[in-house]
Amino acid sequence: MSAKEINIYINGEVRQIQASLSIEKLLNLLKLNKKNIAIEINRVIINKSDYHSHIIEANDQIEIVNFIGGGNHINTKEPLVIAGKEYKSRLIMGSGKFKNFEENLKALEIAESEIITVAVRRTNISDPNLPMITDIINPNKYTYLPNTAGCYNAEEAIRVLNLAREAGGWNLVKLEVLGDDKTLYPNMIETIKASKILVKEGFKVMAYCTDDPILAKKLEENGCSAIMPLGSPIGSGLGIQNKLNIKIIIDNCSVPVIVDAGLGTASDACIAMEMGCDGVLVNSAISKARNPILMAEAMKQAVISGRNAYISGRMEKNIIAKASSPMKDF
């Protein structure tokens, strides 16, 4: 340090500056605008009118502050990313059980969903003039997510998804291999087997699975792009029955975790999002509601509210009361 330089401390960090600098010259050196800042030197606030005359001395403790947004920085608009693609909405919708494709489209529009699941079925060659879903719901506007609903083994599921890719060129798919007709629970042995093969064939697999954290992690290790544990049996409307396991899956997996199956109303979707799920897939809760369009809007709001609550960080739970108002000076 030369004789013409001195040490000072700015916001806790040591700096070397030329001796006899005024505050105004220091701000010019730091490229700071004095308009929206406050300066304290050795715990004394300096008036802006004195910036040009106040000379900084060696070892001065200087604090320079300005206004920022209060609290932690949280991005409530953070997109859902699946297989490298960003989606604004965290609500995925199904396409079954609606009165018609037009009602399905209206529900999609009001929910602002971007992904819709579609089943692969034989074309009605006896009446080719009947409308197809692609005639009403534009696959160029919405991301079609072909699923393997109705498949009971890996071979069937792989066959169906290869047909889907040939039909529409879709690589993002939902793998769903069922175990029995009564519970429609996933057959995890066949699901894991199919996932490994499909990933090798270039598919981006979103896997419907049980709420077993170990098996869910195995699907991720196989290369699945998203894990989709059931909340309760398909179409049951029972909501999330095993919050503990779902939470373990969320904590263990680095790919998106999307609750699929069993949600019955908006509060179920909100709970899933408050737990930290990356999204929800809803079909029956919307399509079987008395007013599907209104329920679709409620689901949208629930997903947004649940996500915001999760990001905000809820208060700690206590087993005793804690007064909000202070008792001092009562």
# chains A, B, ... in the order shown; residues from 1 in each chain; ligands from 1

call {"tool": "residues_around", "arguments": {"residues": "Asn66 in chain A", "least_positions_apart": "2", "cutoff": "12 Å", "atoms": "only C-alpha atoms", "output": "PyMOL selection string"}}
result
chain A and resi 11+32-40+63-64+68-70

call {"tool": "write_last_selection", "arguments": {"atoms": "C-alpha atoms", "output": "mmCIF file, in the first residue's frame"}}
result
data_model
loop_
_atom_site.group_PDB
_atom_site.id
_atom_site.type_symbol
_atom_site.label_atom_id
_atom_site.label_comp_id
_atom_site.auth_asym_id
_atom_site.auth_seq_id
_atom_site.Cartn_x
_atom_site.Cartn_y
_atom_site.Cartn_z
ATOM 1 C CA ASN A 11 -20.076 -3.459 4.055
ATOM 2 C CA LEU A 32 -23.138 3.846 -7.350
ATOM 3 C CA ASN A 33 -25.977 6.342 -7.704
ATOM 4 C CA LYS A 34 -26.482 8.271 -4.474
ATOM 5 C CA LYS A 35 -30.183 8.775 -5.160
ATOM 6 C CA ASN A 36 -31.554 5.596 -3.553
ATOM 7 C CA ILE A 37 -28.862 4.643 -1.062
ATOM 8 C CA ALA A 38 -28.012 5.518 2.531
ATOM 9 C CA ILE A 39 -24.496 5.712 3.982
ATOM 10 C CA GLU A 40 -23.428 5.212 7.540
ATOM 11 C CA GLU A 63 -22.165 0.758 5.463
ATOM 12 C CA ILE A 64 -23.921 1.411 2.161
ATOM 13 C CA ILE A 68 -34.493 -4.653 -1.999
ATOM 14 C CA GLY A 69 -37.544 -6.851 -2.156
ATOM 15 C CA GLY A 70 -38.409 -8.042 1.358
#

call {"tool": "closest_atom_pairs", "arguments": {"of": "range 207-308 of chain A", "to": "range 188-201 of chain A", "cutoff": "10 Å", "atoms": "only C-alpha atoms", "output": "CSV"}}
result
residue,atom,partner,partner_atom,distance
A:Ala207,CA,A:Ser195,CA,7.5
A:Tyr208,CA,A:Thr191,CA,8.2
A:Cys209,CA,A:Met188,CA,6.7
A:Thr210,CA,A:Met188,CA,7.4
A:Asp212,CA,A:Met188,CA,9.6
A:Leu215,CA,A:Met188,CA,7.5
A:Ala216,CA,A:Ile192,CA,9.2
A:Lys218,CA,A:Ile192,CA,7.5
A:Leu219,CA,A:Ile192,CA,6.1
A:Glu220,CA,A:Ser195,CA,9.4
A:Glu221,CA,A:Lys196,CA,9.1
A:Asn222,CA,A:Lys196,CA,5.4
A:Gly223,CA,A:Val199,CA,6.2
A:Cys224,CA,A:Ser195,CA,6.9
A:Ser225,CA,A:Val199,CA,9.2

call {"tool": "residues_around", "arguments": {"residues": "range 155-164 of chain A", "least_positions_apart": "6", "cutoff": "7 Å", "atoms": "only C-alpha atoms", "output": "ChimeraX atom specification"}}
result
/A:120,146,148,170,177,194,198

call {"tool": "write_last_selection", "arguments": {"atoms": "C-alpha atoms", "output": "CSV table (one decimal), in the first residue's frame"}}
result
chain,number,residue,atom,x,y,z
A,120,VAL,CA,-54.3,-45.5,-27.8
A,146,PRO,CA,-49.9,-41.1,-24.9
A,148,THR,CA,-50.7,-47.4,-21.9
A,170,TRP,CA,-44.5,-38.5,-29.6
A,177,VAL,CA,-48.9,-51.2,-16.5
A,194,ALA,CA,-40.9,-51.8,-19.5
A,198,LEU,CA,-38.5,-47.8,-23.4

call {"tool": "select_by_dssp", "arguments": {"residues": "range 28-258 of chain A", "states": "strand (DSSP E or B)", "output": "NGL selection string"}}
result
:A and (37-41 or 44-46 or 55 or 61-66 or 80-82 or 85-87 or 91-93 or 115-119 or 143-147 or 151 or 172-175 or 177-178 or 186 or 204-209 or 226-229 or 257-258)

call {"tool": "select_by_dssp", "arguments": {"residues": "range 45-199 of chain A", "states": "helix (DSSP H, G or I)", "output": "ChimeraX atom specification"}}
result
/A:48-50,101-111,133-136,154-168,188-199

call {"tool": "closest_residue", "arguments": {"among": "A:Met315, A:Ala285, A:Ile250, A:Ile92", "to": "Ser267 in chain A", "atoms": "only C-alpha atoms"}}
result
A:Ala285

call {"tool": "decode", "arguments": {"residues": "range 173-193 of chain A", "atoms": "N, CA, C and O atoms", "output": "tab-separated table (two decimals), in the first residue's frame"}}
result
chain	number	residue	atom	x	y	z
A	173	VAL	N	-44.08	-40.01	-23.02
A	173	VAL	CA	-45.18	-40.97	-22.85
A	173	VAL	C	-45.41	-41.26	-21.37
A	173	VAL	O	-44.53	-41.06	-20.53
A	174	LYS	N	-46.62	-41.74	-21.09
A	174	LYS	CA	-46.94	-42.18	-19.74
A	174	LYS	C	-47.03	-43.71	-19.73
A	174	LYS	O	-47.86	-44.30	-20.42
A	175	LEU	N	-46.17	-44.31	-18.93
A	175	LEU	CA	-46.15	-45.76	-18.80
A	175	LEU	C	-47.06	-46.17	-17.66
A	175	LEU	O	-46.90	-45.73	-16.52
A	176	GLU	N	-48.03	-47.02	-17.97
A	176	GLU	CA	-49.01	-47.47	-16.98
A	176	GLU	C	-49.27	-48.95	-17.22
A	176	GLU	O	-49.94	-49.32	-18.18
A	177	VAL	N	-48.71	-49.80	-16.36
A	177	VAL	CA	-48.92	-51.25	-16.47
A	177	VAL	C	-49.70	-51.70	-15.24
A	177	VAL	O	-49.20	-51.60	-14.11
A	178	LEU	N	-50.92	-52.17	-15.47
A	178	LEU	CA	-51.81	-52.50	-14.36
A	178	LEU	C	-51.61	-53.93	-13.86
A	178	LEU	O	-51.17	-54.80	-14.61
A	179	GLY	N	-51.97	-54.11	-12.59
A	179	GLY	CA	-51.80	-55.42	-11.97
A	179	GLY	C	-53.06	-56.27	-11.96
A	179	GLY	O	-53.00	-57.48	-12.11
A	180	ASP	N	-54.23	-55.63	-11.78
A	180	ASP	CA	-55.49	-56.37	-11.78
A	180	ASP	C	-56.64	-55.42	-12.08
A	180	ASP	O	-56.50	-54.20	-12.03
A	181	ASP	N	-57.82	-56.01	-12.40
A	181	ASP	CA	-58.98	-55.21	-12.79
A	181	ASP	C	-59.65	-54.53	-11.61
A	181	ASP	O	-60.33	-53.51	-11.79
A	182	LYS	N	-59.51	-55.09	-10.42
A	182	LYS	CA	-60.24	-54.57	-9.27
A	182	LYS	C	-59.63	-53.30	-8.70
A	182	LYS	O	-60.32	-52.30	-8.49
A	183	THR	N	-58.35	-53.33	-8.44
A	183	THR	CA	-57.69	-52.17	-7.82
A	183	THR	C	-57.03	-51.25	-8.83
A	183	THR	O	-56.79	-50.08	-8.54
A	184	LEU	N	-56.74	-51.76	-10.02
A	184	LEU	CA	-55.99	-51.03	-11.05
A	184	LEU	C	-54.64	-50.53	-10.51
A	184	LEU	O	-54.10	-49.53	-10.97
A	185	TYR	N	-54.11	-51.25	-9.52
A	185	TYR	CA	-52.79	-50.92	-8.99
A	185	TYR	C	-51.73	-51.25	-10.03
A	185	TYR	O	-51.88	-52.18	-10.81
A	186	PRO	N	-50.63	-50.50	-10.03
A	186	PRO	CA	-49.56	-50.79	-10.99
A	186	PRO	C	-48.88	-52.13	-10.70
A	186	PRO	O	-48.66	-52.48	-9.53
A	187	ASN	N	-48.57	-52.83	-11.76
A	187	ASN	CA	-47.72	-54.02	-11.65
A	187	ASN	C	-46.28	-53.51	-11.76
A	187	ASN	O	-45.78	-53.24	-12.83
A	188	MET	N	-45.63	-53.39	-10.61
A	188	MET	CA	-44.33	-52.73	-10.59
A	188	MET	C	-43.23	-53.57	-11.24
A	188	MET	O	-42.27	-53.02	-11.78
A	189	ILE	N	-43.35	-54.87	-11.19
A	189	ILE	CA	-42.33	-55.72	-11.84
A	189	ILE	C	-42.33	-55.46	-13.35
A	189	ILE	O	-41.27	-55.23	-13.97
A	190	GLU	N	-43.52	-55.44	-13.94
A	190	GLU	CA	-43.63	-55.20	-15.38
A	190	GLU	C	-43.35	-53.73	-15.73
A	190	GLU	O	-42.80	-53.43	-16.79
A	191	THR	N	-43.72	-52.82	-14.83
A	191	THR	CA	-43.46	-51.40	-15.06
A	191	THR	C	-41.97	-51.11	-15.13
A	191	THR	O	-41.48	-50.41	-16.02
A	192	ILE	N	-41.23	-51.65	-14.18
A	192	ILE	CA	-39.77	-51.46	-14.15
A	192	ILE	C	-39.12	-52.08	-15.38
A	192	ILE	O	-38.23	-51.48	-16.00
A	193	LYS	N	-39.60	-53.26	-15.74
A	193	LYS	CA	-39.07	-53.95	-16.93
A	193	LYS	C	-39.31	-53.11	-18.19
A	193	LYS	O	-38.40	-52.91	-19.00
